[in-house]
Each structure stands twice: as structure tokens, then as C-alpha cells.
Amino acid sequence: MRKIIAGINMTLDGFCDHTAIIPDEELHQHYADLLSNAGTILYGRITYQLMEYWPSVVKNPTGNKAMDEFAVIMDSIPKVVFSRTLNNVEWESATVAKRNLKEEVLSLRQQQGRDILVGSRSLIIALMKLGLVDEFQLCVHPVIAGNGLPLFENIHDRVMLKLLKTKTFGSGAVTLYYEPANKK
């Protein structure tokens, strides 16, 4: 069975805001490595539309090796987009989910292949509530945003996590790897 991994960048005060962090070469390489070991990535509409930037980097490389490699991997990995407003997508490696989140994820999980990444805050919250997240990879950046979208918004039940490991970056960002404490 494929594992569901929730991976996201966040500020020290718990907000998910890609504009508040500064992704450097080391961080791009980290995420390129993560994506190269995944079989599918799940996005909500907003994050998906943010990620539509990467095909332009594939067509016109930046010259930054890590960023350009990330773009190529991001472009090629299959993406499933959950949206109430999009009926189709133009990115060749993306499709719009035809079923609800739970049905789609349970179906994907049963298929052969590599792990499934979840890269959208809203999907992480929804999958947490369904008890479907197997691992969290939270990259906490040394930035206090002061406001924004909190990652764990509207989580009303206590969730205990077990720290698996950490990874520290030169920028001071730290990725915390957790699994739900009740997972066997």
C-alpha cells in the first residue's frame, strides 16, 4: 500500500505562505529529491495554480541547477488536482480528480507505485480529519510571518505525533518528519 506523505513549508509561527520563505538551492534540491521518490502529488486548485509556474522553467531554464532539476521533476510527476471550479487542466502531467477526496485517495493508495505526496494546506487538513496521513514532513522556516493561513486550522481533535527524524538546512530551516503516534 502506498504511503500518504503531507509535505509543506511553513513559518515558525505556523503559517503556510510560500511568499514568506526564501527557497534556496539546498531547499530546491531537497524537494527535488522528495518528488523523485514519489509517484503522485495531490494539490488543491490554489496550490496547483501556483505550481503551474514550473513548466515555464522547463522551457526556459534559470541556470540554477537545483531549481531547474526541481522544475523537470515537478513537470513530470503525475498530479491530481482537487477543485470545485476547474473542470480540466492544461498541464500534461495533471488531471482533475473525478471522485471526492476520500474515494480518490483510497483508490490511489491501493495502486502499485511510489508514495503519494500532498502539497496543499487544505488537502492536508482534510486528509488529517479522515485519518489518511501516514507521514508529515513539515519544513519550518526561521521566519515569523505574523499572519496568514495556519496549517492546522480547524483541527478540533487532539493528534499525537511521533518524531521520526529531522533535517536541518543551512538557511536555518528544519524539516520535521512525523508519523501519527497511533500508526503501527
# chains A, B, ... in the order shown; residues from 1 in each chain; ligands from 1
call {"tool": "residues_around", "arguments": {"residues": "Gln112 (chain A)", "least_positions_apart": "2", "cutoff": "10 Å", "atoms": "only C-alpha atoms", "output": "list in words"}}
result
Met1, Arg2, Gly39, Leu108, Arg109, Gln110, Arg114 and Asp115 of chain A
call {"tool": "closest_atom_pairs", "arguments": {"of": "region 42-140 of chain A", "to": "region 144-159 of chain A", "cutoff": "9 Å", "atoms": "only C-alpha atoms", "output": "CSV"}}
result
residue,atom,partner,partner_atom,distance
A:Arg121,CA,A:Leu151,CA,6.1
A:Ser122,CA,A:Leu151,CA,8.2
A:Ile124,CA,A:Leu151,CA,8.2
A:Ile125,CA,A:Phe152,CA,6.6
A:Met128,CA,A:Ile155,CA,8.4
A:Lys129,CA,A:Ile155,CA,7.4
call {"tool": "write_last_selection", "arguments": {"atoms": "N, CA and C atoms", "output": "PDB file, in the first residue's frame"}}
result
ATOM      1  N   ARG A 121      -2.235  22.845   1.705  1.00  0.00           N
ATOM      2  CA  ARG A 121      -2.689  23.009   3.086  1.00  0.00           C
ATOM      3  C   ARG A 121      -4.100  22.464   3.279  1.00  0.00           C
ATOM      4  N   SER A 122      -5.023  22.830   2.410  1.00  0.00           N
ATOM      5  CA  SER A 122      -6.416  22.403   2.575  1.00  0.00           C
ATOM      6  C   SER A 122      -6.554  20.883   2.491  1.00  0.00           C
ATOM      7  N   ILE A 124      -4.151  18.697   3.216  1.00  0.00           N
ATOM      8  CA  ILE A 124      -3.521  18.139   4.413  1.00  0.00           C
ATOM      9  C   ILE A 124      -4.518  18.137   5.563  1.00  0.00           C
ATOM     10  N   ILE A 125      -5.208  19.252   5.747  1.00  0.00           N
ATOM     11  CA  ILE A 125      -6.207  19.349   6.825  1.00  0.00           C
ATOM     12  C   ILE A 125      -7.309  18.314   6.611  1.00  0.00           C
ATOM     13  N   MET A 128      -6.039  14.798   7.197  1.00  0.00           N
ATOM     14  CA  MET A 128      -5.848  14.576   8.640  1.00  0.00           C
ATOM     15  C   MET A 128      -7.162  14.201   9.298  1.00  0.00           C
ATOM     16  N   LYS A 129      -8.206  14.940   8.961  1.00  0.00           N
ATOM     17  CA  LYS A 129      -9.521  14.685   9.548  1.00  0.00           C
ATOM     18  C   LYS A 129     -10.041  13.311   9.166  1.00  0.00           C
TER      19      LYS A 129
END
call {"tool": "select_by_dssp", "arguments": {"residues": "region 36-100 of chain A", "states": "strand (DSSP E)", "output": "list in words"}}
result
Ala38, Gly39, Thr40, Ile41, Leu42, Tyr43, Gly44, Lys79, Val80, Val81, Phe82, Ala94, Thr95 and Val96 of chain A
call {"tool": "write_last_selection", "arguments": {"atoms": "N, CA and C atoms", "output": "compact mmCIF listing (two decimals), in the first residue's frame"}}
result
# COMPACT_ATOMS: atom_id res chain seq x y z
N ALA A 38 8.55 9.99 -5.33
CA ALA A 38 7.09 9.93 -5.20
C ALA A 38 6.48 9.50 -6.53
N GLY A 39 5.27 8.95 -6.44
CA GLY A 39 4.58 8.52 -7.64
C GLY A 39 3.48 9.46 -8.08
N THR A 40 2.95 10.22 -7.14
CA THR A 40 1.83 11.12 -7.41
C THR A 40 1.89 12.26 -6.40
N ILE A 41 1.43 13.42 -6.82
CA ILE A 41 1.28 14.53 -5.87
C ILE A 41 -0.14 15.07 -5.97
N LEU A 42 -0.72 15.37 -4.82
CA LEU A 42 -2.09 15.87 -4.75
C LEU A 42 -2.06 17.36 -4.43
N TYR A 43 -2.85 18.12 -5.20
CA TYR A 43 -2.94 19.56 -4.99
C TYR A 43 -4.39 20.00 -4.97
N GLY A 44 -4.64 21.05 -4.22
CA GLY A 44 -5.88 21.80 -4.35
C GLY A 44 -5.69 22.80 -5.48
N LYS A 79 0.12 14.56 -11.28
CA LYS A 79 -0.54 15.41 -10.30
C LYS A 79 -2.04 15.21 -10.39
N VAL A 80 -2.70 15.14 -9.24
CA VAL A 80 -4.15 15.07 -9.19
C VAL A 80 -4.61 16.34 -8.48
N VAL A 81 -5.50 17.07 -9.14
CA VAL A 81 -5.96 18.36 -8.64
C VAL A 81 -7.40 18.22 -8.15
N PHE A 82 -7.63 18.69 -6.93
CA PHE A 82 -8.98 18.68 -6.35
C PHE A 82 -9.51 20.11 -6.41
N ALA A 94 -1.01 16.56 -15.28
CA ALA A 94 -2.04 16.79 -14.25
C ALA A 94 -3.41 16.36 -14.74
N THR A 95 -4.24 15.93 -13.79
CA THR A 95 -5.64 15.62 -14.07
C THR A 95 -6.48 16.17 -12.92
N VAL A 96 -7.72 16.46 -13.21
CA VAL A 96 -8.65 16.89 -12.17
C VAL A 96 -9.31 15.64 -11.60
call {"tool": "residues_around", "arguments": {"residues": "Leu35 (chain A)", "least_positions_apart": "2", "cutoff": "9 Å", "atoms": "only C-alpha atoms", "output": "list in words"}}
result
His30, Tyr31, Ala32, Asp33, Asn37, Ala38, Gly39, Thr40, Ile41, Phe70, Ile73, Met74, Ile77 and Leu117 of chain A
call {"tool": "atom_distance", "arguments": {"atom1": "CA of Val118 (chain A)", "atom2": "CA of Ser171 (chain A)"}}
result
23.8 Å
call {"tool": "residues_around", "arguments": {"residues": "Leu132 (chain A)", "least_positions_apart": "3", "cutoff": "10 Å", "atoms": "only C-alpha atoms", "output": "mmCIF file with N, CA, C and O atoms, in the first residue's frame"}}
result
data_model
loop_
_atom_site.group_PDB
_atom_site.id
_atom_site.type_symbol
_atom_site.label_atom_id
_atom_site.label_comp_id
_atom_site.auth_asym_id
_atom_site.auth_seq_id
_atom_site.Cartn_x
_atom_site.Cartn_y
_atom_site.Cartn_z
ATOM 1 N N LYS A 3 2.101 4.989 0.699
ATOM 2 C CA LYS A 3 2.048 5.862 1.867
ATOM 3 C C LYS A 3 1.626 7.265 1.435
ATOM 4 O O LYS A 3 2.005 7.746 0.376
ATOM 5 N N ILE A 4 0.833 7.926 2.286
ATOM 6 C CA ILE A 4 0.393 9.311 2.057
ATOM 7 C C ILE A 4 1.299 10.215 2.892
ATOM 8 O O ILE A 4 1.297 10.141 4.127
ATOM 9 N N ILE A 5 2.061 11.071 2.220
ATOM 10 C CA ILE A 5 3.002 11.968 2.898
ATOM 11 C C ILE A 5 2.556 13.411 2.693
ATOM 12 O O ILE A 5 2.454 13.885 1.561
ATOM 13 N N ALA A 6 2.293 14.101 3.782
ATOM 14 C CA ALA A 6 1.932 15.520 3.749
ATOM 15 C C ALA A 6 3.213 16.330 3.905
ATOM 16 O O ALA A 6 3.865 16.265 4.938
ATOM 17 N N LYS A 102 -11.695 11.469 -0.348
ATOM 18 C CA LYS A 102 -11.516 10.179 0.310
ATOM 19 C C LYS A 102 -11.496 9.040 -0.707
ATOM 20 O O LYS A 102 -10.602 8.190 -0.679
ATOM 21 N N VAL A 105 -8.245 9.230 -2.927
ATOM 22 C CA VAL A 105 -7.023 8.882 -2.200
ATOM 23 C C VAL A 105 -6.996 7.392 -1.853
ATOM 24 O O VAL A 105 -5.957 6.739 -1.991
ATOM 25 N N LEU A 106 -8.118 6.848 -1.420
ATOM 26 C CA LEU A 106 -8.148 5.412 -1.115
ATOM 27 C C LEU A 106 -7.874 4.580 -2.363
ATOM 28 O O LEU A 106 -7.171 3.568 -2.303
ATOM 29 N N ARG A 109 -4.128 4.972 -3.211
ATOM 30 C CA ARG A 109 -3.342 4.263 -2.205
ATOM 31 C C ARG A 109 -3.241 2.771 -2.520
ATOM 32 O O ARG A 109 -2.224 2.141 -2.253
ATOM 33 N N ILE A 124 -4.151 18.697 3.216
ATOM 34 C CA ILE A 124 -3.521 18.139 4.413
ATOM 35 C C ILE A 124 -4.518 18.137 5.563
ATOM 36 O O ILE A 124 -4.690 17.133 6.261
ATOM 37 N N ALA A 126 -7.842 18.238 5.397
ATOM 38 C CA ALA A 126 -8.937 17.301 5.109
ATOM 39 C C ALA A 126 -8.489 15.859 5.294
ATOM 40 O O ALA A 126 -9.224 15.038 5.870
ATOM 41 N N LEU A 127 -7.291 15.523 4.827
ATOM 42 C CA LEU A 127 -6.804 14.143 4.970
ATOM 43 C C LEU A 127 -6.482 13.802 6.423
ATOM 44 O O LEU A 127 -6.648 12.658 6.841
ATOM 45 N N MET A 128 -6.039 14.798 7.197
ATOM 46 C CA MET A 128 -5.848 14.576 8.640
ATOM 47 C C MET A 128 -7.162 14.201 9.298
ATOM 48 O O MET A 128 -7.226 13.268 10.094
ATOM 49 N N LYS A 129 -8.206 14.940 8.961
ATOM 50 C CA LYS A 129 -9.521 14.685 9.548
ATOM 51 C C LYS A 129 -10.041 13.311 9.166
ATOM 52 O O LYS A 129 -10.792 12.700 9.924
ATOM 53 N N GLU A 135 2.491 10.206 7.074
ATOM 54 C CA GLU A 135 3.706 10.906 7.492
ATOM 55 C C GLU A 135 3.568 12.386 7.190
ATOM 56 O O GLU A 135 2.987 12.768 6.177
ATOM 57 N N PRO A 180 1.750 9.756 12.647
ATOM 58 C CA PRO A 180 0.766 9.706 13.728
ATOM 59 C C PRO A 180 1.184 8.666 14.762
ATOM 60 O O PRO A 180 1.642 7.573 14.410
#
call {"tool": "closest_residue", "arguments": {"among": "A:Ser76, A:Tyr177, A:Lys59, A:Lys167", "to": "Glu92 (chain A)", "atoms": "only C-alpha atoms"}}
result
A:Ser76
call {"tool": "select_by_dssp", "arguments": {"residues": "region 18-52 of chain A", "states": "helix (DSSP H, G or I)", "output": "ChimeraX atom specification"}}
result
/A:25-36,45-51
call {"tool": "write_last_selection", "arguments": {"atoms": "N, CA, C and O atoms", "output": "CSV table (one decimal), in the first residue's frame"}}
result
chain,number,residue,atom,x,y,z
A,25,GLU,N,19.0,27.0,-3.0
A,25,GLU,CA,19.4,25.9,-3.8
A,25,GLU,C,19.2,24.6,-3.0
A,25,GLU,O,18.8,23.6,-3.5
A,26,GLU,N,19.6,24.6,-1.7
A,26,GLU,CA,19.6,23.4,-0.9
A,26,GLU,C,18.1,23.0,-0.7
A,26,GLU,O,17.8,21.8,-0.8
A,27,LEU,N,17.2,23.9,-0.5
A,27,LEU,CA,15.8,23.6,-0.4
A,27,LEU,C,15.2,23.0,-1.6
A,27,LEU,O,14.5,22.0,-1.6
A,28,HIS,N,15.5,23.6,-2.8
A,28,HIS,CA,15.0,23.1,-4.1
A,28,HIS,C,15.6,21.7,-4.3
A,28,HIS,O,14.8,20.8,-4.8
A,29,GLN,N,16.8,21.4,-3.9
A,29,GLN,CA,17.4,20.1,-4.1
A,29,GLN,C,16.6,19.1,-3.1
A,29,GLN,O,16.3,17.9,-3.5
A,30,HIS,N,16.3,19.5,-1.9
A,30,HIS,CA,15.6,18.7,-1.0
A,30,HIS,C,14.2,18.2,-1.6
A,30,HIS,O,13.9,17.1,-1.6
A,31,TYR,N,13.5,19.2,-2.1
A,31,TYR,CA,12.2,18.9,-2.7
A,31,TYR,C,12.3,18.1,-4.0
A,31,TYR,O,11.4,17.3,-4.3
A,32,ALA,N,13.3,18.4,-4.8
A,32,ALA,CA,13.5,17.6,-6.0
A,32,ALA,C,13.8,16.1,-5.6
A,32,ALA,O,13.2,15.2,-6.3
A,33,ASP,N,14.5,15.9,-4.6
A,33,ASP,CA,14.8,14.5,-4.1
A,33,ASP,C,13.5,13.9,-3.6
A,33,ASP,O,13.2,12.7,-3.9
A,34,LEU,N,12.7,14.6,-2.9
A,34,LEU,CA,11.4,14.1,-2.4
A,34,LEU,C,10.5,13.8,-3.5
A,34,LEU,O,9.9,12.7,-3.5
A,35,LEU,N,10.4,14.6,-4.5
A,35,LEU,CA,9.5,14.4,-5.6
A,35,LEU,C,10.0,13.2,-6.5
A,35,LEU,O,9.2,12.4,-7.0
A,36,SER,N,11.3,13.0,-6.6
A,36,SER,CA,11.8,12.0,-7.4
A,36,SER,C,11.5,10.6,-6.8
A,36,SER,O,11.6,9.6,-7.5
A,45,ARG,N,-6.7,23.4,-5.9
A,45,ARG,CA,-6.7,24.4,-7.0
A,45,ARG,C,-5.7,25.5,-6.8
A,45,ARG,O,-4.9,25.8,-7.7
A,46,ILE,N,-5.7,26.1,-5.7
A,46,ILE,CA,-4.8,27.3,-5.4
A,46,ILE,C,-3.3,26.9,-5.5
A,46,ILE,O,-2.6,27.6,-6.2
A,47,THR,N,-3.0,25.8,-4.8
A,47,THR,CA,-1.5,25.4,-4.9
A,47,THR,C,-1.2,24.9,-6.3
A,47,THR,O,-0.1,25.2,-6.8
A,48,TYR,N,-2.1,24.2,-6.9
A,48,TYR,CA,-1.8,23.8,-8.3
A,48,TYR,C,-1.6,25.0,-9.2
A,48,TYR,O,-0.6,24.9,-10.0
A,49,GLN,N,-2.4,26.0,-9.1
A,49,GLN,CA,-2.2,27.1,-10.0
A,49,GLN,C,-0.9,27.9,-9.7
A,49,GLN,O,-0.2,28.4,-10.6
A,50,LEU,N,-0.4,27.8,-8.4
A,50,LEU,CA,0.9,28.4,-8.0
A,50,LEU,C,2.0,27.5,-8.7
A,50,LEU,O,3.0,28.1,-9.2
A,51,MET,N,1.8,26.2,-8.7
A,51,MET,CA,2.8,25.3,-9.3
A,51,MET,C,2.9,25.3,-10.8
A,51,MET,O,3.9,24.9,-11.4
call {"tool": "atom_distance", "arguments": {"atom1": "CA of Glu69 (chain A)", "atom2": "CA of Pro55 (chain A)"}}
result
11.6 Å
call {"tool": "atom_distance", "arguments": {"atom1": "CA of Ile22 (chain A)", "atom2": "CA of His141 (chain A)"}}
result
8.7 Å
call {"tool": "residues_around", "arguments": {"residues": "Val57 (chain A)", "least_positions_apart": "4", "cutoff": "12 Å", "atoms": "only C-alpha atoms", "output": "ChimeraX atom specification"}}
result
/A:51-53,61-75
